[in-house]
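Visitor: For reference, this is work.txt, and it has compact mmCIF, C-alpha atoms.
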# COMPACT_ATOMS: atom_id res chain seq x y z
CA MET U 6 -51.87 18.10 64.84
CA THR U 7 -52.68 14.43 64.26
CA THR U 8 -55.20 12.54 66.38
CA GLY U 9 -52.44 10.37 67.86
CA LYS U 10 -50.45 13.42 68.99
CA LYS U 11 -53.56 14.98 70.54
CA ARG U 12 -54.23 11.82 72.54
CA SER U 13 -50.61 11.67 73.69
CA ARG U 14 -50.70 15.29 74.83
CA LEU U 15 -54.01 14.74 76.62
CA LYS U 16 -52.53 11.73 78.42
CA TRP U 17 -49.63 13.81 79.74
CA LEU U 18 -52.03 16.49 80.92
CA LEU U 19 -54.14 13.92 82.78
CA ILE U 20 -51.18 12.42 84.66
CA PRO U 21 -50.51 15.48 86.90
CA LEU U 22 -54.25 15.96 87.37
CA ALA U 23 -54.65 12.36 88.55
CA ALA U 24 -51.62 12.76 90.80
CA LEU U 25 -53.15 15.91 92.30
CA LEU U 26 -56.44 14.13 92.97
CA LEU U 27 -54.66 11.18 94.57
CA PHE U 28 -52.56 13.55 96.65
CA GLY U 29 -55.65 15.42 97.85
CA GLY U 30 -57.46 12.16 98.50
CA TYR U 31 -54.54 10.94 100.61
CA TYR U 32 -54.71 14.06 102.78
CA VAL U 33 -58.47 13.76 103.20
CA TRP U 34 -58.25 10.09 104.15
CA ASN U 35 -55.32 10.78 106.49
CA ALA U 36 -57.38 13.51 108.13
CA TYR U 37 -60.24 11.08 108.74
CA SER U 38 -57.88 8.49 110.19
CA SER U 39 -56.18 10.96 112.53
CA TRP U 40 -59.47 12.55 113.64
CA ASN U 41 -60.82 9.18 114.78
CA GLN U 42 -58.41 9.44 117.73
CA VAL U 43 -59.87 12.80 118.68
CA TYR U 44 -63.55 12.30 117.86
CA GLN U 45 -65.62 11.16 120.81
CA GLU U 46 -69.37 11.46 120.53
CA HIS U 47 -70.82 10.80 123.98
CA ASN U 48 -73.99 8.91 124.66
CA GLN U 49 -75.93 9.23 127.90
CA THR U 50 -73.48 7.03 129.81
CA GLY U 51 -70.55 9.14 128.65
CA GLU U 52 -69.03 6.15 126.85
CA ARG U 53 -67.55 6.25 123.38
CA PRO U 54 -69.89 4.82 120.71
CA VAL U 55 -69.01 1.51 119.10
CA GLU U 56 -69.48 2.69 115.51
CA PRO U 57 -66.33 4.32 114.07
CA VAL U 58 -66.35 7.57 112.14
CA SER U 59 -66.49 6.82 108.42
CA PRO U 60 -65.39 9.13 105.61
CA VAL U 61 -68.21 10.98 103.81
CA PRO U 62 -68.15 13.80 101.27
CA VAL U 63 -66.96 17.11 102.73
CA GLN U 64 -68.23 19.52 100.08
CA GLU U 65 -71.84 19.95 101.18
CA PRO U 66 -72.70 23.24 102.91
CA LEU U 67 -73.34 23.65 106.62
CA ASN U 68 -76.91 22.89 107.66
CA LYS U 69 -77.35 26.20 109.45
CA THR U 70 -75.68 29.56 109.87
CA THR U 71 -74.93 29.69 113.60
CA TYR U 72 -73.21 27.09 115.78
CA SER U 73 -72.36 27.04 119.47
CA PHE U 74 -69.24 25.41 120.90
CA LEU U 75 -68.22 24.69 124.49
CA LEU U 76 -64.44 24.92 124.89
CA LEU U 77 -63.15 23.02 127.93
CA GLY U 78 -59.57 23.33 129.18
CA VAL U 79 -58.85 20.33 131.42
CA ASP U 80 -56.35 20.64 134.29
CA SER U 81 -54.91 17.16 133.77
CA GLY U 82 -52.44 15.28 131.61
CA ASN U 83 -55.30 12.94 130.70
CA VAL U 84 -57.85 14.89 128.67
CA GLU U 85 -60.63 12.51 129.68
CA LYS U 86 -60.15 13.08 133.41
CA GLY U 87 -59.83 16.11 135.66
CA ARG U 88 -61.69 19.38 136.09
CA SER U 89 -62.50 21.97 133.44
CA ASP U 90 -60.15 24.75 134.45
CA SER U 91 -61.31 26.87 131.51
CA ASN U 92 -64.91 27.06 130.26
CA MET U 93 -65.80 29.16 127.21
CA LEU U 94 -69.00 29.19 125.19
CA ALA U 95 -68.46 30.38 121.61
CA VAL U 96 -71.29 31.28 119.22
CA ALA U 97 -70.03 31.38 115.63
CA ASN U 98 -72.00 32.90 112.75
CA ALA U 99 -70.84 31.78 109.30
CA GLN U 100 -72.86 34.50 107.54
CA THR U 101 -71.57 37.49 109.49
CA GLN U 102 -68.17 35.89 110.12
CA GLN U 103 -68.40 36.79 113.79
CA ILE U 104 -67.74 34.83 116.98
CA SER U 105 -69.17 35.82 120.36
CA LEU U 106 -67.19 34.41 123.28
CA LEU U 107 -68.47 33.97 126.83
CA SER U 108 -66.09 32.95 129.62
CA ILE U 109 -67.79 31.15 132.52
CA PRO U 110 -65.86 31.14 135.80
CA ARG U 111 -64.75 27.65 136.76
CA ASP U 112 -65.94 28.28 140.34
CA THR U 113 -69.47 29.26 139.25
CA TYR U 114 -71.96 27.89 141.81
CA LEU U 115 -74.63 25.98 139.91
CA PRO U 116 -76.64 22.74 139.84
CA ILE U 117 -74.90 19.67 138.42
CA GLN U 118 -77.24 16.81 137.64
CA GLY U 119 -76.88 14.09 140.27
CA HIS U 120 -74.49 16.13 142.42
CA GLY U 121 -76.47 19.10 143.75
CA LYS U 122 -74.96 22.57 143.58
CA GLU U 123 -71.23 22.55 142.93
CA LYS U 124 -68.47 24.36 141.07
CA LEU U 125 -68.80 24.25 137.29
CA ALA U 126 -65.29 22.79 137.01
CA HIS U 127 -66.45 19.64 138.83
CA ALA U 128 -69.02 18.70 136.18
CA TYR U 129 -66.28 17.48 133.86
CA ALA U 130 -64.66 15.51 136.68
CA TYR U 131 -67.98 13.85 137.56
CA GLY U 132 -69.24 13.01 134.08
CA GLY U 133 -66.84 14.14 131.41
CA ALA U 134 -67.80 16.35 128.48
CA GLY U 135 -71.40 15.08 128.38
CA LEU U 136 -72.17 16.30 131.90
CA ALA U 137 -70.20 19.52 131.42
CA VAL U 138 -72.22 20.31 128.29
CA LYS U 139 -75.53 19.53 129.97
CA THR U 140 -74.60 21.66 133.00
CA VAL U 141 -73.81 24.68 130.83
CA GLU U 142 -76.90 24.16 128.65
CA ASP U 143 -79.16 24.03 131.70
CA PHE U 144 -77.49 27.00 133.36
CA LEU U 145 -77.62 29.26 130.30
CA ALA U 146 -80.77 27.80 128.67
CA THR U 147 -78.76 27.57 125.47
CA PRO U 148 -78.13 24.46 123.34
CA VAL U 149 -74.52 23.52 122.68
CA ASP U 150 -73.89 22.06 119.21
CA HIS U 151 -70.38 20.76 119.85
CA TYR U 152 -67.70 20.63 122.51
CA VAL U 153 -63.91 20.63 122.34
CA ALA U 154 -62.00 19.43 125.40
CA PHE U 155 -58.23 19.89 125.52
CA ASN U 156 -55.56 19.53 128.17
CA PHE U 157 -52.45 21.56 128.90
CA ASN U 158 -50.23 19.33 126.76
CA GLY U 159 -52.49 19.93 123.76
CA VAL U 160 -52.18 23.72 124.03
CA GLN U 161 -48.43 23.54 124.45
CA LYS U 162 -47.85 21.19 121.52
CA PHE U 163 -50.24 23.07 119.25
CA VAL U 164 -48.49 26.40 119.81
CA ASP U 165 -45.06 24.79 119.34
CA ALA U 166 -46.27 23.25 116.06
CA LEU U 167 -47.26 26.75 114.93
CA GLY U 168 -43.72 27.90 115.62
CA GLY U 169 -44.86 29.98 118.59
CA LEU U 170 -47.63 32.50 119.18
CA SER U 171 -47.21 36.27 118.96
CA VAL U 172 -48.83 37.74 122.08
CA ASP U 173 -48.92 41.24 123.52
CA VAL U 174 -48.04 40.30 127.11
CA GLU U 175 -50.05 42.69 129.26
CA LYS U 176 -47.44 43.18 132.01
CA ASP U 177 -44.26 41.78 133.51
CA MET U 178 -44.83 38.37 135.12
CA ASP U 179 -42.47 36.73 137.57
CA PHE U 180 -43.64 33.53 139.31
CA ASP U 181 -43.12 29.83 139.92
CA ASP U 182 -45.48 27.47 138.11
CA ARG U 183 -47.29 25.33 140.68
CA ILE U 184 -47.53 22.30 138.36
CA THR U 185 -44.18 22.20 136.57
CA HIS U 186 -42.39 23.98 139.45
CA LYS U 187 -40.47 25.95 136.85
CA HIS U 188 -39.71 29.63 137.22
CA VAL U 189 -41.51 31.80 134.70
CA TYR U 190 -40.54 35.31 133.71
CA LEU U 191 -42.34 37.20 130.96
CA LYS U 192 -41.61 40.78 129.95
CA LYS U 193 -44.44 43.16 129.08
CA GLY U 194 -45.00 43.79 125.36
CA ARG U 195 -45.54 42.03 122.02
CA GLN U 196 -43.37 38.92 121.65
CA THR U 197 -43.44 35.33 120.37
CA LEU U 198 -44.17 32.82 123.12
CA ASN U 199 -43.50 29.11 122.85
CA GLY U 200 -46.10 26.56 123.95
CA GLU U 201 -45.06 26.43 127.58
CA GLN U 202 -44.88 30.22 127.87
CA THR U 203 -48.29 30.63 126.22
CA LEU U 204 -49.78 28.15 128.66
CA ASN U 205 -48.24 29.90 131.66
CA TYR U 206 -49.42 33.28 130.40
CA ALA U 207 -53.00 32.06 129.95
CA ARG U 208 -53.09 30.27 133.31
CA TYR U 209 -51.43 32.91 135.49
CA ARG U 210 -53.71 34.19 138.25
CA GLY U 211 -51.30 35.67 140.75
CA ASP U 212 -52.48 39.25 140.37
CA ALA U 213 -55.20 41.28 142.05
CA ASP U 214 -58.00 40.10 139.74
CA GLY U 215 -57.18 36.37 140.02
CA ASP U 216 -59.48 34.31 137.79
CA LEU U 217 -60.94 37.42 136.15
CA ALA U 218 -57.56 38.39 134.70
CA ARG U 219 -56.86 34.79 133.76
CA MET U 220 -60.08 34.53 131.74
CA ARG U 221 -59.24 37.80 130.04
CA ARG U 222 -55.83 36.42 129.01
CA GLN U 223 -57.39 33.16 127.85
CA GLN U 224 -59.73 35.14 125.58
CA GLN U 225 -56.73 37.08 124.32
CA VAL U 226 -54.89 33.85 123.45
CA VAL U 227 -57.97 32.48 121.64
CA LYS U 228 -58.10 35.64 119.53
CA GLU U 229 -54.41 35.39 118.67
CA LEU U 230 -54.78 31.72 117.73
CA LEU U 231 -57.62 32.55 115.35
CA THR U 232 -55.60 35.32 113.74
CA GLN U 233 -52.40 33.32 113.42
CA THR U 234 -53.93 30.10 112.06
CA VAL U 235 -55.73 31.57 109.03
CA ASN U 236 -53.18 30.01 106.67
CA TYR U 237 -53.64 26.56 108.18
CA ARG U 238 -57.32 26.05 107.34
CA ASN U 239 -56.93 23.49 104.58
CA VAL U 240 -56.78 19.70 104.57
CA ALA U 241 -53.03 19.39 104.03
CA LYS U 242 -52.09 21.72 106.89
CA ILE U 243 -54.85 20.53 109.23
CA ASN U 244 -53.26 17.07 109.01
CA ARG U 245 -50.12 18.48 110.58
CA PHE U 246 -52.02 19.28 113.75
CA LEU U 247 -54.35 16.29 113.92
CA LYS U 248 -51.50 13.95 114.82
CA ILE U 249 -50.52 16.25 117.67
CA MET U 250 -54.04 16.36 119.05
CA GLY U 251 -54.59 12.60 119.37
CA ASP U 252 -53.94 12.16 123.11
CA ASN U 253 -54.68 15.74 124.12
CA VAL U 254 -58.03 16.68 122.55
CA ARG U 255 -61.52 15.18 122.55
CA THR U 256 -64.48 16.52 120.60
CA ASP U 257 -67.82 15.46 119.15
CA ILE U 258 -67.20 17.34 115.88
CA PRO U 259 -67.06 14.81 113.02
CA ILE U 260 -64.15 15.35 110.62
CA ARG U 261 -66.60 16.19 107.83
CA ARG U 262 -67.98 19.03 109.94
CA LEU U 263 -64.50 20.15 110.97
CA LEU U 264 -63.50 20.60 107.34
CA GLN U 265 -66.78 22.41 106.66
CA PHE U 266 -66.06 24.79 109.54
CA ALA U 267 -62.53 25.32 108.26
CA GLY U 268 -63.96 26.36 104.91
CA ALA U 269 -66.84 28.44 106.29
CA PHE U 270 -64.52 30.39 108.61
CA SER U 271 -61.41 30.30 106.43
CA THR U 272 -60.61 34.00 106.85
CA LEU U 273 -61.89 34.64 110.36
CA THR U 274 -59.43 36.35 112.72
CA GLY U 275 -59.37 37.53 116.32
CA SER U 276 -60.60 40.97 115.27
CA GLN U 277 -63.95 39.34 114.49
CA VAL U 278 -64.39 38.00 118.03
CA ASP U 279 -66.65 39.83 120.48
CA THR U 280 -66.78 39.01 124.16
CA ILE U 281 -70.00 38.66 126.13
CA PRO U 282 -69.64 40.19 129.62
CA MET U 283 -71.14 38.37 132.60
CA GLU U 284 -71.25 39.82 136.09
CA ALA U 285 -70.48 37.66 139.12
CA ALA U 286 -69.30 38.05 142.69
CA PRO U 287 -66.96 35.94 144.84
CA SER U 288 -68.50 34.35 147.91
CA SER U 289 -67.70 31.74 150.55
CA ILE U 290 -70.20 28.96 151.28
CA ASN U 291 -69.32 26.60 154.13
CA GLY U 292 -65.72 27.70 153.88
CA VAL U 293 -65.51 27.03 150.11
CA SER U 294 -65.01 29.86 147.63
CA TYR U 295 -67.46 30.20 144.74
CA MET U 296 -68.50 32.70 142.11
CA LEU U 297 -72.19 33.66 142.30
CA ILE U 298 -74.21 34.80 139.31
CA THR U 299 -77.67 36.17 140.01
CA ALA U 300 -80.79 34.92 138.25
CA GLU U 301 -81.25 38.39 136.77
CA GLU U 302 -77.77 38.38 135.26
CA ARG U 303 -78.25 34.88 133.93
CA ARG U 304 -81.48 35.87 132.20
CA ARG U 305 -79.72 38.82 130.59
CA VAL U 306 -76.91 36.58 129.27
CA GLN U 307 -79.42 33.91 128.18
CA ALA U 308 -81.36 36.50 126.17
CA GLN U 309 -78.16 37.72 124.51
CA LEU U 310 -77.14 34.17 123.59
CA GLN U 311 -80.58 33.36 122.22
CA ALA U 312 -80.54 36.52 120.11
CA LEU U 313 -77.18 35.53 118.66
CA ILE U 314 -78.32 32.00 117.85
CA GLN U 315 -81.74 32.93 116.47
CA GLY U 316 -80.33 35.89 114.61
CA GLY U 317 -78.20 33.52 112.58
CA GLY U 318 -81.31 31.92 111.11
CA GLN U 319 -81.65 28.48 109.58
CA ASP U 320 -80.62 27.84 105.99
CA ARG U 321 -81.73 24.22 106.04
CA ALA U 322 -83.36 21.83 108.48
CA PRO U 323 -81.72 22.13 111.91
CA GLU U 324 -79.29 19.40 112.89
CA PRO U 325 -79.90 17.29 115.98
CA VAL U 326 -77.55 17.77 118.91
CA THR U 327 -75.69 14.48 119.11
CA HIS U 328 -74.30 14.56 122.65
CA SER U 329 -76.10 13.70 125.85
CA GLY U 330 -76.42 17.28 126.98
CA SER U 331 -79.14 18.44 124.61
CA ILE U 332 -82.09 20.28 126.16
CA ASN U 333 -85.12 22.27 125.20
CA SER U 334 -83.92 25.83 125.66
CA GLU U 335 -87.39 27.35 126.11
CA SER U 336 -88.50 24.92 128.81
CA SER U 337 -85.13 25.20 130.53
CA ALA U 338 -85.40 28.98 130.61
CA ASP U 339 -88.84 28.70 132.21
CA ALA U 340 -87.48 26.32 134.82
CA ILE U 341 -84.65 28.67 135.61
CA ARG U 342 -86.99 31.62 136.01
CA SER U 343 -89.21 29.67 138.37
CA GLY U 344 -86.54 28.17 140.57
CA GLY U 345 -82.99 28.60 139.39
CA LEU U 346 -80.10 30.07 141.29
CA THR U 347 -81.34 33.15 143.07
CA ASP U 348 -78.30 33.95 145.17
CA SER U 349 -78.34 37.65 145.87
CA VAL U 350 -75.06 39.52 145.71
CA ASN U 351 -74.26 43.17 146.12
CA ARG U 352 -73.89 44.70 142.65
CA SER U 353 -70.92 46.74 143.83
CA GLY U 354 -69.05 43.48 144.52
CA ARG U 355 -69.58 42.05 141.06
CA SER U 356 -66.97 41.56 138.42
CA THR U 357 -67.40 41.44 134.66
CA PHE U 358 -65.90 38.69 132.51
CA GLY U 359 -64.90 40.32 129.24
CA ILE U 360 -61.83 41.86 127.64
CA PRO U 361 -61.73 45.57 128.47
CA PRO U 362 -60.20 48.12 126.08
CA GLY U 363 -57.02 48.28 128.16
CA PHE U 364 -55.34 46.09 130.74
CA PRO U 365 -54.83 47.45 134.28
CA ASP U 366 -51.31 47.43 135.67
CA PHE U 367 -51.57 45.06 138.59
CA PRO U 368 -48.78 44.65 141.15
CA GLN U 369 -46.36 41.79 140.49
CA SER U 370 -46.72 38.54 142.34
CA ARG U 371 -44.74 35.32 142.44
CA GLN U 372 -47.85 33.24 143.02
CA GLY U 373 -48.17 30.56 140.31
CA PRO U 374 -51.17 29.82 138.10
Just dump the structure as structure tokens.

Guide:
Amino acid sequence: MTTGKKRSRLKWLLIPLAALLLFGGYYVWNAYSSWNQVYQEHNQTGERPVEPVSPVPVQEPLNKTTYSFLLLGVDSGNVEKGRSDSNMLAVANAQTQQISLLSIPRDTYLPIQGHGKEKLAHAYAYGGAGLAVKTVEDFLATPVDHYVAFNFNGVQKFVDALGGLSVDVEKDMDFDDRITHKHVYLKKGRQTLNGEQTLNYARYRGDADGDLARMRRQQQVVKELLTQTVNYRNVAKINRFLKIMGDNVRTDIPIRRLLQFAGAFSTLTGSQVDTIPMEAAPSSINGVSYMLITAEERRRVQAQLQALIQGGGQDRAPEPVTHSGSINSESSADAIRSGGLTDSVNRSGRSTFGIPPGFPDFPQSRQGP
């Protein structure tokens, strides 16, 4: 083959390669642009920083093995206002490919900086994600690396974009939604739910266990989402969801880190999620209902969380926590032991927040979520 023919052939081989690189670059840049609507690193005033998020290389490895995330479900159409109706702390280990999930009752009675003792759900209403993160960090003596806040619209649109979510509905449900005022009927068994149905299933609390059963169903939905989004963890498909999230999700995860997480946990499914049980008891204080967690139970959960985080080890220098809620876990734990919540509750009246092997068959109720 002559030199001229070799060059011509090489040129034609380079054209699709260049097109592929440009195509991939477009998706990466589009991801950065879309994520800027979602990304919201909070400073101590809770305001959005002036500096925009700028694209940086996404190929470097994660700085450490284990990360903690606070997942906040906001009971409002505006993701930046309202109460955190759902509060989950997730500890993810990239080495073991495991996630440990702790549901914290929204009515947990605890100290909120500047507001005395209140319900956990009110921290978000008082000071947004920054105060919610700090409240959880102080209460559990555990640093939170990142938060993700989402509202009901975000969940609904995300599931609809997936084409629905396959869920094993634990029992027949027949009720009127208190927000949309729509009648909801779900039949027991495995089925594909649309976004609205998934939301109603996760929020339903009209059975005997109330919030306990609701947190169990929320954990179930999280597991199903992890399992059914495995094929979407690449730049091209992530873009499809970023545009949906804009007005419905806020997080302090930079897009670079998001893509790193997508790669590090590319095959993780719901079967690799463990739940951390936490005992609590309902109580009434001045006519207001709360959930009380004893200091002893908190120390047990704190120790379990610390073991999960420290067990992951550090591959490189630890990253600073960039939100306003960062604390020194060791000093916080000492403070809690010396004067934290010490409400005493009868152990027989406690409940455990975790997904049991089987779901009890509770009586039907038409009470909405």

Visitor: Rounded to one decimal place, report the CA of Ala99 in chain U-CA of Ser73 in chain U distance in Å.

Guide: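 Between these atoms lies a distance of 11.3 Å.
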
Visitor: For the point (-68.4, 18.5, 135.3) in file coordinates, what residues are within 6 Å, counting only C-alpha atoms? Give the answer as a list in words?

Guide: Ala126, His127, Ala128, Tyr129, Ala130, Tyr131, Gly132, Leu136 and Ala137 of chain U

Visitor: Taking into account only C-alpha atoms, which residue in the set U:Asp112, U:Gln309, U:Ala300, U:Thr274 is nearest to Val227 in chain U?

Guide: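 So, comparing all the options, the nearest one is U:Thr274.
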
Visitor: Counting only C-alpha atoms, select every polymer residue within 9 Å of (-70.9, 21.5, 125.7) as defined in the file's coordinates, and provide the selection as a PDB file with C-alpha atoms, in the frame of the given file.

Guide:
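Output saved as out-v7.pdb:
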ATOM      1  CA  SER U  73     -72.360  27.040 119.470  1.00  0.00           C
ATOM      2  CA  PHE U  74     -69.240  25.410 120.900  1.00  0.00           C
ATOM      3  CA  LEU U  75     -68.220  24.690 124.490  1.00  0.00           C
ATOM      4  CA  LEU U  76     -64.440  24.920 124.890  1.00  0.00           C
ATOM      5  CA  LEU U  77     -63.150  23.020 127.930  1.00  0.00           C
ATOM      6  CA  LEU U  94     -69.000  29.190 125.190  1.00  0.00           C
ATOM      7  CA  ALA U 134     -67.800  16.350 128.480  1.00  0.00           C
ATOM      8  CA  GLY U 135     -71.400  15.080 128.380  1.00  0.00           C
ATOM      9  CA  LEU U 136     -72.170  16.300 131.900  1.00  0.00           C
ATOM     10  CA  ALA U 137     -70.200  19.520 131.420  1.00  0.00           C
ATOM     11  CA  VAL U 138     -72.220  20.310 128.290  1.00  0.00           C
ATOM     12  CA  LYS U 139     -75.530  19.530 129.970  1.00  0.00           C
ATOM     13  CA  THR U 140     -74.600  21.660 133.000  1.00  0.00           C
ATOM     14  CA  VAL U 141     -73.810  24.680 130.830  1.00  0.00           C
ATOM     15  CA  GLU U 142     -76.900  24.160 128.650  1.00  0.00           C
ATOM     16  CA  PRO U 148     -78.130  24.460 123.340  1.00  0.00           C
ATOM     17  CA  VAL U 149     -74.520  23.520 122.680  1.00  0.00           C
ATOM     18  CA  ASP U 150     -73.890  22.060 119.210  1.00  0.00           C
ATOM     19  CA  HIS U 151     -70.380  20.760 119.850  1.00  0.00           C
ATOM     20  CA  TYR U 152     -67.700  20.630 122.510  1.00  0.00           C
ATOM     21  CA  VAL U 153     -63.910  20.630 122.340  1.00  0.00           C
ATOM     22  CA  HIS U 328     -74.300  14.560 122.650  1.00  0.00           C
ATOM     23  CA  GLY U 330     -76.420  17.280 126.980  1.00  0.00           C
ATOM     24  CA  SER U 331     -79.140  18.440 124.610  1.00  0.00           C
TER      25      SER U 331
END

Visitor: If you count only C-alpha atoms, which residues fall within 8 Å of Val235 in chain U, apart from same-chain ones fewer than 4 positions away, as a VMD selection string?

Guide: chain U and resid 231 271 to 274

Visitor: Using all atoms listed in the file, which protein or nucleic acid residues come within 10 Å of range 158-160 of chain U? Drop anything in the same chain fewer than 3 positions from it, and give the result as a list of chain:residue names.

Guide: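 These residues fall inside the cut-off: U:Gly78, U:Val79, U:Asp80, U:Ser81, U:Gly82, U:Asn83, U:Val84, U:Ala154, U:Phe155, U:Phe163, U:Val164, U:Asp165, U:Ala166, U:Gly200, U:Glu201, U:Thr203, U:Leu204, U:Ile249, U:Met250, U:Gly251, U:Asp252, U:Asn253, U:Val254.
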